[in-house]
file run.pdb (PDB, C-alpha atoms, pLDDT in the B column)
ATOM      1  CA  MET A1012      -3.138 -18.946   5.127  1.00 59.00           C
ATOM      2  CA  TRP A1013      -2.227 -15.647   3.529  1.00 57.00           C
ATOM      3  CA  TYR A1014      -4.644 -13.560   5.592  1.00 58.00           C
ATOM      4  CA  LYS A1015      -3.020 -14.742   8.831  1.00 67.00           C
ATOM      5  CA  ASP A1016       0.266 -13.391   7.452  1.00 72.00           C
ATOM      6  CA  GLU A1017      -1.481 -10.086   6.719  1.00 71.00           C
ATOM      7  CA  ASP A1018      -2.897  -9.983  10.243  1.00 70.00           C
ATOM      8  CA  ASP A1019       0.556 -10.605  11.712  1.00 75.00           C
ATOM      9  CA  LYS A1020       2.142  -7.937   9.508  1.00 70.00           C
ATOM     10  CA  TYR A1021      -0.371  -5.181  10.205  1.00 69.00           C
ATOM     11  CA  SER A1022      -0.752  -6.028  13.883  1.00 72.00           C
ATOM     12  CA  HIS A1023       3.018  -5.619  14.186  1.00 71.00           C
ATOM     13  CA  LEU A1024       2.946  -2.292  12.324  1.00 70.00           C
ATOM     14  CA  TYR A1025       0.216  -0.849  14.547  1.00 69.00           C
ATOM     15  CA  GLU A1026       1.357  -2.278  17.867  1.00 70.00           C
ATOM     16  CA  PHE A1027       5.092  -1.650  17.662  1.00 67.00           C
ATOM     17  CA  LEU A1028       5.687   0.947  14.961  1.00 67.00           C
ATOM     18  CA  ASN A1029       2.660   3.252  15.390  1.00 67.00           C
ATOM     19  CA  TYR A1030       1.816   2.777  11.698  1.00 63.00           C
ATOM     20  CA  PRO A1031       1.212   6.184  10.072  1.00 60.00           C
ATOM     21  CA  ILE A1032      -2.022   7.019   8.269  1.00 62.00           C
ATOM     22  CA  GLY A1033      -3.127   9.661   5.813  1.00 61.00           C
ATOM     23  CA  SER A1034      -5.250  12.546   6.960  1.00 65.00           C
ATOM     24  CA  PRO A1035      -8.929  11.550   7.301  1.00 68.00           C
ATOM     25  CA  THR A1036      -9.900  15.180   6.848  1.00 68.00           C
ATOM     26  CA  ARG A1037      -8.784  14.951   3.206  1.00 69.00           C
ATOM     27  CA  VAL A1038     -11.419  12.274   2.645  1.00 70.00           C
ATOM     28  CA  VAL A1039     -14.115  14.057   4.612  1.00 74.00           C
ATOM     29  CA  ASN A1040     -13.426  17.452   3.031  1.00 74.00           C
ATOM     30  CA  ARG A1041     -13.507  16.038  -0.491  1.00 74.00           C
ATOM     31  CA  TYR A1042     -17.144  14.998  -0.236  1.00 76.00           C
ATOM     32  CA  GLU A1043     -20.224  16.623   1.193  1.00 79.00           C
ATOM     33  CA  TYR A1044     -21.231  14.659   4.248  1.00 82.00           C
ATOM     34  CA  THR A1045     -23.398  14.873   7.319  1.00 84.00           C
ATOM     35  CA  ALA A1046     -22.669  13.284  10.669  1.00 83.00           C
ATOM     36  CA  ASP A1047     -25.788  11.087  10.387  1.00 90.00           C
ATOM     37  CA  MET A1048     -24.464   9.204   7.323  1.00 89.00           C
ATOM     38  CA  LYS A1049     -23.680   5.512   7.751  1.00 91.00           C
ATOM     39  CA  VAL A1050     -20.055   4.609   7.051  1.00 90.00           C
ATOM     40  CA  CYS A1051     -18.381   1.236   6.515  1.00 93.00           C
ATOM     41  CA  ASP A1052     -14.612   1.765   6.532  1.00 90.00           C
ATOM     42  CA  LEU A1053     -12.784  -1.183   4.946  1.00 89.00           C
ATOM     43  CA  GLY A1054      -9.172  -1.198   6.061  1.00 88.00           C
ATOM     44  CA  CYS A1055     -10.087   1.177   8.877  1.00 90.00           C
ATOM     45  CA  GLY A1056      -6.720   1.098  10.648  1.00 88.00           C
ATOM     46  CA  LYS A1057      -6.881   3.522  13.577  1.00 87.00           C
ATOM     47  CA  ALA A1058     -10.477   4.431  12.665  1.00 91.00           C
ATOM     48  CA  MET A1059      -9.823   8.144  12.335  1.00 85.00           C
ATOM     49  CA  LEU A1060     -13.053   8.607  10.352  1.00 87.00           C
ATOM     50  CA  SER A1061     -15.111   7.315  13.301  1.00 91.00           C
ATOM     51  CA  THR A1062     -14.986  10.754  14.908  1.00 87.00           C
ATOM     52  CA  TYR A1063     -16.895  12.286  11.988  1.00 87.00           C
ATOM     53  CA  PHE A1064     -19.910   9.953  11.865  1.00 89.00           C
ATOM     54  CA  GLU A1065     -22.529   8.780  14.334  1.00 90.00           C
ATOM     55  CA  SER A1066     -22.975   5.394  12.619  1.00 94.00           C
ATOM     56  CA  TYR A1067     -19.550   3.897  11.904  1.00 95.00           C
ATOM     57  CA  VAL A1068     -18.400   0.345  11.153  1.00 97.00           C
ATOM     58  CA  GLY A1069     -14.690  -0.392  10.823  1.00 96.00           C
ATOM     59  CA  VAL A1070     -13.169  -3.542   9.310  1.00 95.00           C
ATOM     60  CA  ASP A1071      -9.463  -4.357   9.358  1.00 92.00           C
ATOM     61  CA  VAL A1072      -7.166  -7.345   8.894  1.00 90.00           C
ATOM     62  CA  SER A1073      -5.208  -6.447  12.046  1.00 91.00           C
ATOM     63  CA  GLU A1074      -6.705  -8.105  15.103  1.00 91.00           C
ATOM     64  CA  TYR A1075      -4.588  -5.858  17.332  1.00 90.00           C
ATOM     65  CA  ILE A1076      -5.965  -2.606  15.894  1.00 92.00           C
ATOM     66  CA  ILE A1077      -9.571  -3.860  15.990  1.00 96.00           C
ATOM     67  CA  GLU A1078      -9.286  -4.759  19.671  1.00 95.00           C
ATOM     68  CA  ARG A1079      -7.639  -1.383  20.377  1.00 93.00           C
ATOM     69  CA  ASN A1080     -10.366   0.513  18.500  1.00 95.00           C
ATOM     70  CA  LYS A1081     -13.098  -1.297  20.440  1.00 96.00           C
ATOM     71  CA  LYS A1082     -11.592   0.031  23.661  1.00 95.00           C
ATOM     72  CA  VAL A1083     -10.967   3.662  22.665  1.00 93.00           C
ATOM     73  CA  LYS A1084     -13.240   4.570  19.733  1.00 92.00           C
ATOM     74  CA  SER A1085     -16.966   4.740  19.171  1.00 91.00           C
ATOM     75  CA  GLY A1086     -18.438   2.488  16.495  1.00 95.00           C
ATOM     76  CA  VAL A1087     -18.633  -1.180  15.626  1.00 97.00           C
ATOM     77  CA  TYR A1088     -15.481  -3.074  14.648  1.00 97.00           C
ATOM     78  CA  HIS A1089     -14.821  -6.373  12.874  1.00 96.00           C
ATOM     79  CA  HIS A1090     -11.591  -8.301  12.419  1.00 94.00           C
ATOM     80  CA  ALA A1091     -11.668  -9.735   8.896  1.00 91.00           C
ATOM     81  CA  SER A1092      -9.807  -9.655   5.632  1.00 77.00           C
ATOM     82  CA  LEU A1093     -11.466  -8.145   2.576  1.00 68.00           C
ATOM     83  CA  HIS A1094     -11.345 -11.683   1.216  1.00 69.00           C
ATOM     84  CA  ASP A1095     -13.771 -12.706   3.987  1.00 68.00           C
TER      85      ASP A1095
END

call {"tool": "encode", "arguments": {"input": "run.pdb", "output": "structure tokens"}}
result
Amino acid sequence: MWYKDEDDKYSHLYEFLNYPIGSPTRVVNRYEYTADMKVCDLGCGKAMLSTYFESYVGVDVSEYIIERNKKVKSGVYHHASLHD
């Protein structure tokens, strides 16, 4: 299925190529926020926004990055495609 191909592609990018991301501070600085807001980050990647919020949920198509985030980041993480 197509989402397995996406998982393979993004897992490879994160695991072997240290896939670059944009600056999460650009997102956070654009909007007024407080640390107690609840955040659901679709396509969370390396979950850089998790450091800004107490209640954080990250979803990504890459199984590798989700398992990595569970080990080194605070928050709740789910491996799924947006299609799911």

call {"tool": "closest_residue", "arguments": {"input": "run.pdb", "among": "A:Gly1086, A:Ser1066, A:Arg1041, A:Val1072", "to": "Leu1053 in chain A", "atoms": "all atoms listed in the file"}}
result
A:Val1072

call {"tool": "resolve_selection", "arguments": {"input": "run.pdb", "expression": "the PyMOL selection byres ((chain A and resi 1058) around 9)", "output": "list in words"}}
result
Asp1052, Gly1054, Cys1055, Gly1056, Lys1057, Met1059, Leu1060, Ser1061, Thr1062, Gly1069, Ile1076, Ile1077, Asn1080 and Lys1084 of chain A

call {"tool": "resolve_selection", "arguments": {"input": "run.pdb", "expression": "the PyMOL selection byres ((chain A and resi 1048) around 9)", "output": "PyMOL selection string"}}
result
chain A and resi 1044-1047+1049-1050+1064-1067

call {"tool": "atom_distance", "arguments": {"input": "run.pdb", "atom1": "CA of Ser1022 in chain A", "atom2": "CA of Ser1092 in chain A"}}
result
12.8 Å

call {"tool": "resolve_selection", "arguments": {"input": "run.pdb", "expression": "the PyMOL selection byres ((chain A and resi 1075) around 12)", "output": "number ranges by chain"}}
result
A: 1017-1027, 1029, 1056-1057, 1070-1074, 1076-1082, 1088-1091

call {"tool": "axis_aligned_box", "arguments": {"input": "run.pdb", "around": "range 1045-1061 of chain A", "padding_each_side": "5 Å", "output": "AutoDock Vina command-line options"}}
result
--center_x -16.3 --center_y 6.8 --center_z 9.3 --size_x 29.1 --size_y 26.1 --size_z 18.6
